[in-house]
Each structure stands twice: as structure tokens, then as C-alpha cells.
>>> print(open('data22.cif').read())   # mmCIF, C-alpha atoms and all ligand atoms
data_structure
loop_
_atom_site.label_atom_id
_atom_site.label_comp_id
_atom_site.auth_asym_id
_atom_site.auth_seq_id
_atom_site.Cartn_x
_atom_site.Cartn_y
_atom_site.Cartn_z
CA MET P 1073 4.16 22.62 -16.19
CA ARG P 1074 5.78 19.31 -15.24
CA ILE P 1075 4.14 17.60 -12.27
CA LEU P 1076 5.14 14.39 -10.51
CA HIS P 1077 2.05 12.66 -9.12
CA THR P 1078 2.53 10.09 -6.37
CA SER P 1079 0.46 8.99 -3.37
CA ASP P 1080 0.07 6.54 -0.52
CA TRP P 1081 3.62 6.66 0.81
CA HIS P 1082 2.38 5.25 4.15
CA LEU P 1083 5.61 6.28 5.89
CA GLY P 1084 6.11 4.34 9.12
CA ARG P 1085 4.23 1.28 7.92
CA GLN P 1086 4.97 -2.12 9.44
CA PHE P 1087 4.26 -5.30 7.52
CA HIS P 1088 4.04 -8.57 9.48
CA ASN P 1089 5.83 -6.76 12.34
CA VAL P 1090 8.73 -5.73 10.09
CA SER P 1091 9.50 -2.01 9.68
CA LEU P 1092 9.62 -0.94 6.04
CA ILE P 1093 11.47 2.32 6.75
CA ASP P 1094 14.68 1.28 4.86
CA ASP P 1095 12.57 0.29 1.84
CA GLN P 1096 10.74 3.61 2.05
CA ARG P 1097 14.00 5.58 2.27
CA HIS P 1098 15.32 3.72 -0.78
CA ILE P 1099 12.21 4.41 -2.87
CA LEU P 1100 12.09 8.11 -1.87
CA ASP P 1101 15.74 8.42 -2.96
CA GLU P 1102 14.73 6.96 -6.30
CA ILE P 1103 11.82 9.41 -6.58
CA ILE P 1104 14.24 12.27 -5.81
CA SER P 1105 16.53 11.08 -8.67
CA ILE P 1106 13.53 11.13 -11.02
CA ILE P 1107 12.63 14.67 -9.88
CA ARG P 1108 16.19 15.78 -10.72
CA GLN P 1109 16.50 13.94 -14.04
CA ARG P 1110 13.09 14.88 -15.38
CA GLU P 1111 13.22 18.48 -14.14
CA VAL P 1112 9.97 18.20 -12.25
CA GLU P 1113 8.45 21.51 -11.13
CA LEU P 1114 5.82 20.30 -8.65
CA VAL P 1115 5.49 17.10 -6.59
CA ILE P 1116 2.01 16.05 -5.47
CA VAL P 1117 1.44 13.43 -2.76
CA ALA P 1118 -2.30 12.71 -2.95
CA GLY P 1119 -2.87 11.46 0.59
CA ASP P 1120 -1.70 8.78 3.04
CA VAL P 1121 1.64 10.49 3.47
CA TYR P 1122 1.96 8.63 6.78
CA ASP P 1123 0.53 5.25 7.68
CA ARG P 1124 -1.19 6.50 10.84
CA SER P 1125 -2.37 9.71 12.41
CA VAL P 1126 0.42 9.61 15.03
CA PRO P 1127 3.41 8.43 12.98
CA PRO P 1128 6.55 6.96 14.57
CA ALA P 1129 9.60 9.25 14.87
CA PRO P 1130 11.67 7.55 12.09
CA ALA P 1131 8.82 8.23 9.62
CA ILE P 1132 8.79 11.93 10.55
CA GLU P 1133 12.59 12.10 10.20
CA LEU P 1134 12.38 10.49 6.76
CA LEU P 1135 9.71 12.92 5.56
CA ASP P 1136 11.68 15.84 6.99
CA ALA P 1137 14.82 14.80 5.08
CA THR P 1138 12.81 14.23 1.88
CA VAL P 1139 11.13 17.64 2.04
CA GLN P 1140 14.49 19.28 2.76
CA THR P 1141 15.98 17.74 -0.41
CA ILE P 1142 13.01 18.36 -2.72
CA CYS P 1143 11.91 21.84 -1.56
CA GLY P 1144 15.10 23.07 0.07
CA GLU P 1145 17.92 21.83 -2.16
CA LEU P 1146 16.16 21.31 -5.50
CA GLY P 1147 13.74 24.23 -5.07
CA VAL P 1148 10.81 22.11 -6.28
CA ALA P 1149 7.33 22.85 -4.85
CA MET P 1150 5.48 20.09 -2.99
CA ILE P 1151 1.86 19.52 -2.06
CA LEU P 1152 1.45 16.99 0.77
CA MET P 1153 -2.24 16.25 1.31
CA ALA P 1154 -3.96 14.25 4.08
CA GLY P 1155 -5.56 10.90 3.20
CA ASN P 1156 -7.71 8.64 5.36
CA HIS P 1157 -4.63 7.32 7.23
CA ASP P 1158 -3.22 10.75 8.12
CA GLY P 1159 -4.08 12.90 11.10
CA PRO P 1160 -5.17 16.06 9.24
CA GLN P 1161 -4.49 18.54 12.08
CA ARG P 1162 -1.05 17.08 12.72
CA LEU P 1163 -0.10 16.98 9.03
CA GLY P 1164 -1.33 20.55 8.58
CA PHE P 1165 0.77 22.05 11.36
CA ALA P 1166 2.25 25.46 10.37
CA ALA P 1167 0.85 25.07 6.83
CA ARG P 1168 0.23 28.81 6.34
CA GLN P 1169 3.77 29.69 7.43
CA LEU P 1170 5.38 27.04 5.24
CA SER P 1171 3.47 27.64 2.01
CA GLY P 1172 5.67 30.66 1.23
CA SER P 1173 8.68 28.34 1.02
CA GLY P 1174 7.04 26.07 -1.57
CA LEU P 1175 5.93 23.38 0.89
CA HIS P 1176 2.14 23.15 0.80
CA LEU P 1177 0.70 21.03 3.61
CA VAL P 1178 -3.00 20.30 3.30
CA GLY P 1179 -4.52 18.94 6.52
CA PRO P 1180 -8.21 19.40 7.41
CA LEU P 1181 -10.83 19.98 4.70
CA TRP P 1182 -11.34 23.63 3.73
CA GLN P 1183 -14.47 25.69 4.26
CA GLU P 1184 -13.82 27.64 1.04
CA PRO P 1185 -11.83 26.20 -1.90
CA ALA P 1186 -8.19 27.15 -1.44
CA PRO P 1187 -6.25 26.89 -4.73
CA ILE P 1188 -2.47 26.79 -4.77
CA LEU P 1189 -1.45 28.95 -7.72
CA PHE P 1190 1.43 28.41 -10.13
CA GLU P 1191 2.62 30.22 -13.23
CA ASP P 1192 4.29 28.70 -16.27
CA GLU P 1193 5.03 29.96 -19.78
CA HIS P 1194 1.33 29.48 -20.68
CA GLY P 1195 -0.05 31.41 -17.73
CA ALA P 1196 -1.79 30.47 -14.50
CA LEU P 1197 -2.42 26.93 -13.26
CA ALA P 1198 -4.43 26.23 -10.10
CA CYS P 1199 -4.10 23.15 -7.91
CA TYR P 1200 -7.14 22.37 -5.76
CA PRO P 1201 -6.45 19.83 -3.00
CA ILE P 1202 -9.47 18.09 -1.49
CA PRO P 1203 -8.08 16.30 1.58
CA TYR P 1204 -9.94 13.21 2.77
CA ALA P 1205 -13.05 13.89 4.88
CA ASP P 1206 -15.89 11.50 5.61
CA PRO P 1207 -19.38 12.44 4.36
CA ALA P 1208 -20.58 13.32 7.87
CA THR P 1209 -17.82 15.93 8.17
CA VAL P 1210 -18.63 17.39 4.74
CA ARG P 1211 -22.36 17.50 5.63
CA GLN P 1212 -21.75 19.29 8.88
CA GLN P 1213 -19.05 21.66 7.66
CA HIS P 1214 -20.78 22.64 4.43
CA GLY P 1215 -24.39 22.46 5.63
CA ILE P 1216 -25.52 20.13 2.83
CA GLU P 1217 -27.64 16.99 2.62
CA ALA P 1218 -25.01 14.70 1.03
CA SER P 1219 -25.77 11.18 2.20
CA GLY P 1220 -22.58 9.48 0.99
CA HIS P 1221 -19.13 9.87 -0.47
CA ASP P 1222 -20.37 10.45 -4.02
CA ALA P 1223 -22.68 13.34 -3.12
CA ALA P 1224 -20.08 14.88 -0.81
CA MET P 1225 -17.38 14.79 -3.53
CA ALA P 1226 -19.81 16.10 -6.16
CA HIS P 1227 -20.54 19.07 -3.89
CA LEU P 1228 -16.86 19.83 -3.22
CA LEU P 1229 -15.94 19.59 -6.90
CA GLU P 1230 -18.85 21.87 -7.77
CA ARG P 1231 -17.44 24.45 -5.35
CA VAL P 1232 -13.98 24.07 -6.94
CA HIS P 1233 -15.43 24.47 -10.42
CA GLU P 1234 -17.27 27.66 -9.41
CA ASP P 1235 -14.17 29.06 -7.76
CA ASN P 1236 -11.89 28.38 -10.70
CA GLY P 1237 -14.17 29.33 -13.58
CA THR P 1238 -13.77 27.84 -17.03
CA GLU P 1239 -10.70 29.72 -18.28
CA ARG P 1240 -7.89 28.82 -15.89
CA ARG P 1241 -6.21 25.39 -16.07
CA ALA P 1242 -6.94 23.41 -12.92
CA VAL P 1243 -5.57 20.22 -11.33
CA VAL P 1244 -7.69 18.59 -8.63
CA ILE P 1245 -6.10 16.44 -5.93
CA ALA P 1246 -8.40 14.03 -4.07
CA HIS P 1247 -8.27 10.93 -1.86
CA CYS P 1248 -11.27 8.75 -2.64
CA PHE P 1249 -12.50 5.47 -4.09
CA LEU P 1250 -13.69 5.75 -7.70
CA ALA P 1251 -16.46 3.37 -8.77
CA GLY P 1252 -15.04 0.33 -10.54
CA GLY P 1253 -11.55 0.85 -9.11
CA GLU P 1254 -9.30 -2.16 -8.55
CA THR P 1255 -8.52 -2.58 -4.87
CA SER P 1256 -5.56 -4.10 -2.99
CA GLU P 1257 -5.53 -5.65 0.48
CA SER P 1258 -3.42 -2.84 1.95
CA GLU P 1259 -6.12 -0.17 1.57
CA ARG P 1260 -8.39 0.54 4.53
CA PRO P 1261 -11.98 0.81 3.18
CA LEU P 1262 -13.46 4.31 3.53
CA SER P 1263 -16.84 2.97 4.58
CA LEU P 1264 -18.49 -0.38 5.09
CA GLY P 1265 -20.89 -1.90 2.61
CA GLY P 1266 -19.70 -0.30 -0.63
CA ALA P 1267 -21.10 3.20 -0.01
CA GLU P 1268 -17.66 4.67 -0.61
CA ALA P 1269 -17.78 4.74 -4.42
CA VAL P 1270 -17.48 8.12 -6.18
CA GLN P 1271 -18.34 8.52 -9.89
CA ALA P 1272 -15.31 9.36 -12.05
CA GLU P 1273 -17.30 11.73 -14.28
CA HIS P 1274 -17.28 14.48 -11.60
CA PHE P 1275 -13.59 14.94 -12.41
CA LEU P 1276 -13.99 15.24 -16.20
CA PRO P 1277 -13.91 19.07 -16.44
CA PHE P 1278 -10.41 19.40 -14.95
CA SER P 1279 -7.01 19.24 -16.69
CA TYR P 1280 -5.94 16.40 -14.42
CA ALA P 1281 -7.21 14.60 -11.30
CA ALA P 1282 -4.30 13.42 -9.12
CA LEU P 1283 -5.90 10.74 -6.99
CA GLY P 1284 -4.83 8.77 -3.94
CA HIS P 1285 -6.24 5.82 -1.98
CA LEU P 1286 -6.02 2.88 -4.41
CA HIS P 1287 -2.54 1.34 -4.24
CA GLY P 1288 -2.44 0.05 -7.84
CA ALA P 1289 -1.77 2.64 -10.59
CA GLN P 1290 -4.88 2.99 -12.77
CA PHE P 1291 -7.22 5.48 -14.39
CA ARG P 1292 -11.03 5.55 -14.35
CA GLY P 1293 -13.43 7.23 -16.76
CA ALA P 1294 -10.72 9.03 -18.72
CA GLU P 1295 -6.91 8.91 -18.94
CA HIS P 1296 -6.50 12.12 -16.94
CA ILE P 1297 -8.50 10.86 -13.92
CA ARG P 1298 -5.80 8.76 -12.36
CA TYR P 1299 -4.32 6.98 -9.36
CA ALA P 1300 -0.51 6.98 -9.22
CA GLY P 1301 -0.62 4.09 -6.73
CA SER P 1302 1.70 3.50 -3.79
CA PRO P 1303 5.46 3.55 -4.53
CA LEU P 1304 5.90 0.20 -2.74
CA LYS P 1305 3.89 -3.00 -2.44
CA TYR P 1306 2.17 -3.01 0.93
CA SER P 1307 0.49 -6.43 0.71
CA PHE P 1308 1.09 -9.74 -1.05
CA SER P 1309 -2.06 -9.05 -3.08
CA GLU P 1310 0.05 -6.46 -4.96
CA GLU P 1311 2.79 -8.90 -6.03
CA LYS P 1312 1.86 -8.64 -9.73
CA GLN P 1313 1.70 -4.84 -9.71
CA LYS P 1314 4.54 -2.79 -11.17
CA LYS P 1315 4.92 0.26 -8.96
CA SER P 1316 5.53 3.67 -10.48
CA VAL P 1317 5.19 7.41 -10.20
CA THR P 1318 3.26 9.41 -12.81
CA LEU P 1319 4.80 12.31 -14.70
CA VAL P 1320 2.18 14.75 -15.96
CA GLU P 1321 2.89 17.58 -18.35
CA ILE P 1322 0.06 20.13 -18.63
CA ASP P 1323 0.23 22.08 -21.88
CA GLY P 1324 -1.06 25.56 -22.66
CA ALA P 1325 -4.48 24.23 -23.67
CA GLY P 1326 -4.82 22.43 -20.33
CA LYS P 1327 -4.27 19.00 -21.84
CA ALA P 1328 -2.32 16.43 -19.80
CA GLN P 1329 0.48 14.30 -21.28
CA ILE P 1330 0.96 11.30 -19.01
CA GLU P 1331 3.94 9.00 -18.50
CA LYS P 1332 4.36 6.27 -15.88
CA ILE P 1333 7.93 5.97 -14.58
CA PRO P 1334 8.65 2.57 -13.01
CA LEU P 1335 10.25 2.24 -9.57
CA THR P 1336 12.63 -0.48 -8.37
CA PRO P 1337 12.30 -1.45 -4.71
CA LEU P 1338 15.14 -2.39 -2.37
CA ARG P 1339 13.35 -5.70 -1.75
CA ASP P 1340 10.44 -6.97 -3.80
CA MET P 1341 7.34 -8.54 -2.23
CA ARG P 1342 6.30 -11.88 -3.75
CA SER P 1343 5.11 -15.41 -3.02
CA LEU P 1344 6.77 -18.79 -3.55
CA GLU P 1345 5.05 -22.14 -3.76
CA GLY P 1346 6.47 -25.65 -3.68
CA GLU P 1347 7.97 -28.37 -1.48
CA LEU P 1348 10.44 -27.31 1.18
CA GLU P 1349 13.45 -29.14 -0.27
CA THR P 1350 12.88 -27.73 -3.76
CA LEU P 1351 12.49 -24.18 -2.44
CA LEU P 1352 15.62 -24.44 -0.31
CA GLN P 1353 17.62 -25.66 -3.31
CA GLN P 1354 16.28 -22.90 -5.57
CA GLY P 1355 16.95 -20.30 -2.91
CA LYS P 1356 20.68 -20.96 -2.86
CA SER P 1357 21.04 -19.52 -6.37
CA ASP P 1358 18.24 -16.93 -6.11
CA PRO P 1359 19.77 -13.43 -6.44
CA GLN P 1360 16.52 -11.98 -5.00
CA ARG P 1361 16.43 -14.10 -1.88
CA ASP P 1362 16.29 -10.98 0.34
CA ASP P 1363 12.80 -10.22 -0.99
CA TYR P 1364 9.81 -10.18 1.37
CA LEU P 1365 8.21 -13.56 0.86
CA LEU P 1366 5.01 -15.40 1.44
CA VAL P 1367 5.78 -19.12 1.23
CA ARG P 1368 3.16 -21.74 0.44
CA LEU P 1369 4.52 -25.17 1.27
CA THR P 1370 2.88 -28.03 -0.57
CA ASP P 1371 4.47 -30.79 1.56
CA SER P 1372 1.72 -32.90 3.09
CA HIS P 1373 3.64 -34.01 6.17
CA ALA P 1374 4.56 -32.15 9.34
CA ILE P 1375 8.00 -30.51 9.33
CA LEU P 1376 9.90 -29.38 12.39
CA ASP P 1377 11.05 -25.76 12.63
CA VAL P 1378 10.07 -24.85 9.04
CA MET P 1379 10.35 -21.09 9.47
CA ASN P 1380 13.98 -21.23 10.63
CA LYS P 1381 14.92 -23.62 7.84
CA LEU P 1382 13.40 -21.26 5.28
CA ARG P 1383 14.97 -18.18 6.83
CA GLU P 1384 18.47 -19.66 6.59
CA VAL P 1385 18.05 -19.32 2.83
CA TYR P 1386 15.39 -16.59 2.54
CA PRO P 1387 15.99 -14.19 5.45
CA ASN P 1388 12.78 -12.19 4.91
CA VAL P 1389 10.07 -14.85 4.85
CA LEU P 1390 7.17 -12.99 6.46
CA HIS P 1391 4.34 -15.45 6.20
CA LEU P 1392 3.98 -19.20 5.82
CA GLU P 1393 0.99 -21.13 4.52
CA ARG P 1394 0.68 -24.92 4.54
CA PRO P 1395 -2.01 -25.77 1.98
CA GLY P 1396 -0.69 -29.37 1.85
CA LEU P 1397 -1.37 -29.91 5.55
CA MET P 1398 -4.68 -28.10 5.54
CA GLY P 1399 -6.01 -30.20 2.69
CA ARG P 1400 -5.31 -33.36 4.65
CA GLY P 1401 -6.62 -31.85 7.88
CA GLU P 1402 -9.98 -31.13 6.32
CA ALA P 1403 -10.27 -34.71 5.12
CA LEU P 1404 -9.76 -36.07 8.63
CA GLU P 1405 -12.79 -37.07 10.57
CA VAL P 1406 -12.35 -35.96 14.11
CA SER P 1407 -13.16 -39.14 15.92
CA ARG P 1408 -11.18 -40.43 18.88
CA GLU P 1409 -9.71 -43.34 16.93
CA ARG P 1410 -8.82 -41.20 13.96
CA LEU P 1411 -7.15 -38.72 16.25
CA LYS P 1412 -5.00 -41.47 17.74
CA LYS P 1413 -4.02 -42.60 14.25
CA GLY P 1414 -3.33 -38.98 13.38
CA GLU P 1415 -0.90 -38.60 16.26
CA MET P 1416 0.93 -41.74 15.17
CA SER P 1417 1.25 -40.61 11.58
CA LEU P 1418 2.31 -37.11 12.61
CA PHE P 1419 5.02 -38.61 14.79
CA ALA P 1420 6.07 -41.01 12.03
CA ASP P 1421 6.42 -38.06 9.62
CA PHE P 1422 8.38 -36.10 12.19
CA TYR P 1423 10.69 -39.06 12.87
CA ALA P 1424 11.32 -39.68 9.19
CA GLN P 1425 12.06 -36.00 8.65
CA VAL P 1426 14.58 -35.79 11.50
CA SER P 1427 16.31 -39.17 11.15
CA GLY P 1428 15.89 -39.80 7.46
CA ALA P 1429 14.46 -43.30 8.05
CA PRO P 1430 10.94 -44.58 8.77
CA LEU P 1431 9.89 -45.90 12.18
CA SER P 1432 10.62 -49.64 12.63
CA ASP P 1433 7.80 -51.98 13.77
CA GLU P 1434 9.27 -52.09 17.25
CA GLN P 1435 9.50 -48.29 17.49
CA GLN P 1436 5.93 -47.98 16.21
CA SER P 1437 4.59 -50.23 18.92
CA ILE P 1438 6.51 -48.29 21.61
CA ILE P 1439 5.08 -44.98 20.37
CA ALA P 1440 1.59 -46.48 20.12
CA GLY P 1441 1.94 -47.53 23.77
CA ILE P 1442 3.02 -44.05 24.86
CA ILE P 1443 0.14 -42.39 22.99
CA GLU P 1444 -2.27 -44.90 24.58
CA THR P 1445 -0.92 -44.12 28.07
CA LEU P 1446 -1.16 -40.36 27.48
CA HIS P 1447 -4.77 -40.66 26.41
CA LYS P 1448 -5.63 -42.70 29.50
CA GLU P 1449 -4.01 -40.04 31.70
CA VAL P 1450 -6.13 -37.37 30.05
CA GLU P 1451 -9.30 -39.39 30.46
MN MN J 1501 -3.48 4.35 1.20
#
>>> encode(input="data22.cif", output="C-alpha cells")
Amino acid sequence: MRILHTSDWHLGRQFHNVSLIDDQRHILDEIISIIRQREVELVIVAGDVYDRSVPPAPAIELLDATVQTICGELGVAMILMAGNHDGPQRLGFAARQLSGSGLHLVGPLWQEPAPILFEDEHGALACYPIPYADPATVRQQHGIEASGHDAAMAHLLERVHEDNGTERRAVVIAHCFLAGGETSESERPLSLGGAEAVQAEHFLPFSYAALGHLHGAQFRGAEHIRYAGSPLKYSFSEEKQKKSVTLVEIDGAGKAQIEKIPLTPLRDMRSLEGELETLLQQGKSDPQRDDYLLVRLTDSHAILDVMNKLREVYPNVLHLERPGLMGRGEALEVSRERLKKGEMSLFADFYAQVSGAPLSDEQQSIIAGIIETLHKEVE
């Protein structure tokens, strides 16, 4: 059975007040091409389908169109499971009615394990989704003592193991943080103070564990206990990551063959560092200048209207840092006299930037007089 494992789509996400819906549409189109080309039989989205529990209308439209293509036109089954960002009741609407059509929506956590059953040339294969639930919910719903995420997950996997037995091949789908996992800034922690970690070894007995939550693709404990990662970068901390989906082939013996298939975004997300003039020059011949950028300017003087200057060349600069200025700012002693000198040098920088020439002695004394007068007025 050929399964495409992906997760953390976060449809409807905004980044620095910019909607990523066009980028998400582009990457889902690419995923659909992979499903066609590689003759995928089942698509698993292991949580965080949407970015929030009440997603914006364009995100719902995009998911609707995607499901229509994958399940409707291609006839490929899908499991869409709730993660910590999803509203489980909303995501699970009409799940029982839709499952007959090959669309399996998994919203709130089950009371009894509820496998989704498939058949291939080797026989039966069971998929067990474990949608995200906090330990308090698991405790209350299952009447157990579990104090944290690890104990709660251990209990749920124990139930799955009992339900499935040892003969049938089983894939577990979960949304959790595995101990030792590498995090990114775009993940919302599942609990404060590090109590969120789950031990990877609980997942060892299964053919494959399709995990969601961590946005970088990685495995923990064993090759078949794996995060597919998000299909797009959702923070600048992910700029070095290469995003992908994971193709998993489960053979007759229940062994998983794993292949990562890289994805190419509409616009990449990366950072640039240097002096303004250099960056503007480079940008003119940069074929990727539409990328989402974090710019770190190393210039040590004040510059007027920096963001607009940068955006003339790089239209999607989302965030600006000025380490050059901050370094100098920290060195300044905040005394009255120093502050006055600071104003003068800031103005001198500004003047030189705008006019291309330094202040003359006469101009300097005029500005010094004005600053003096302003300070007196304030006092
Ligand atoms: Mn996520």
C-alpha cells in the first residue's frame, strides 16, 4: 500500500500580516501532482489541517477544492486528522457520512479505538488516528491517572495495540511532541515547561507512525517513527529546512519503505544580511527577489524610509532588523549631554544620506541651536 504522509498544512495562516493562501494553493497543487505521478493510494494529514479552530473562508474553500480533486477526481482516500491548532468538532463535521466516500475526517478523540481499514494485495491494513487531545481530556474521557502527555499517549497506544492484535499491519497517526525532537518557531508548544515530551519507543510495534506537530521533517527512535513536517516554511527559523512530503510503501510483512519527496514553494522564506546599498544592488539581479525576506541591515547610521527602499527591489520584505544600530545604541550612555550629541549625529547621518554631503560647520551650529532651543522648551 502506497501512502503519502504530510502534516501541518496550517491553511489560512498569516505571516507578518501577509496571507499565505496563494503559497498554500501552489504547494497543494504540487502535492496533487505527486499523488498522480506516484500513484498514491492513501493521503494522511497528521494534524494542523487549519491554522486555527475557526478558519477563514478562503482556507475552507482551498481545502474543499483539494479534497474534491484528491478524493473525488483521483479516487484516492484521505485521512484528515485534528492537531492542536484545529477545532476538532468543526473539523469532524459529518465525518460518519463522509467516510463512505473515502474522506476520513478525524475530529475529537475517540472513546474506543476506531481503525480505518484498507485492503491491498497482501491483505488488511489498519490506520489508527489519534487526534490531538490534552492530557486532562484523556484522563477524564478514559478514566485514567495519566499525569502528562507521555502517560496519556502510552495509554492510547496500548488501547490501539490491544484492538489491532499482533497479526494485522497497522499505521498509527498522532499529533504530539516526541522527546528529543527538533522544534521550529512556528509550532505552538503543547504545554509549558517541557512536560509535553512523549517517548518514541511507544510507537515501535507499529508498521509506521505518521506524526504531526513538528514542522521540520525528521524521525525519532527508529526510521518508521516520523514527522513529515509542514509543506511550507512558516517561520524564518525554518529557512535552512528543505520541505517535503513522505512517501511510505508498506509491504506484505508490514515493513515500511520510506522516501522523502521535496517540494518547491511559490516563494521561499529566507534572510538577507548586509548594508543597504549592497543589498539593493544584489537585488536587481536576484531571480528570487519575490521571496519572503527577513532583512538584517548592518549599516550603523540612521536611514530614512528603509522599508520602502527595500520593497522597491524586494517586494516581500516582511521583517527588518537593524543590528548595526542596536549595537551602537547599547554602547550609548543615556545622559543628557550624550543624548544631545546623539540627536546631532543622528541628524548628521540623516542629512548625509539624503543630500549626499556632510553638514557644513555653519549648518551644524544652526542645528545645534535648534536642538538646544527644543530642549529648553521641553524643560
Ligand atoms: Mn503545526
>>> closest_atom_pairs(input="data22.cif", of="chain P", to="ligand MN 1501 (chain J)", cutoff="7 Å", atoms="only C-alpha atoms and all ligand atoms", output="tab-separated table")
residue	atom	partner	partner_atom	distance
P:Asp1080	CA	J:MN1501	MN	4.5
P:His1082	CA	J:MN1501	MN	6.6
P:Asp1120	CA	J:MN1501	MN	5.1
P:His1157	CA	J:MN1501	MN	6.8
P:Glu1259	CA	J:MN1501	MN	5.2
P:Gly1284	CA	J:MN1501	MN	6.9
P:His1285	CA	J:MN1501	MN	4.5
P:Leu1286	CA	J:MN1501	MN	6.3
P:His1287	CA	J:MN1501	MN	6.3
>>> atom_distance(input="data22.cif", atom1="CA of Phe1249 (chain P)", atom2="CA of Ala1269 (chain P)")
5.3 Å
>>> closest_residue(input="data22.cif", among="P:Met1073, P:Val1367, P:Leu1083, P:Gln1290", to="Ala1242 (chain P)", atoms="all atoms listed in the file")
P:Met1073
>>> closest_residue(input="data22.cif", among="P:Val1243, P:Leu1152, P:Leu1344, P:Ala1440", to="Glu1321 (chain P)", atoms="only C-alpha atoms")
P:Val1243
>>> atom_distance(input="data22.cif", atom1="CA of Arg1108 (chain P)", atom2="CA of Val1148 (chain P)")
9.4 Å
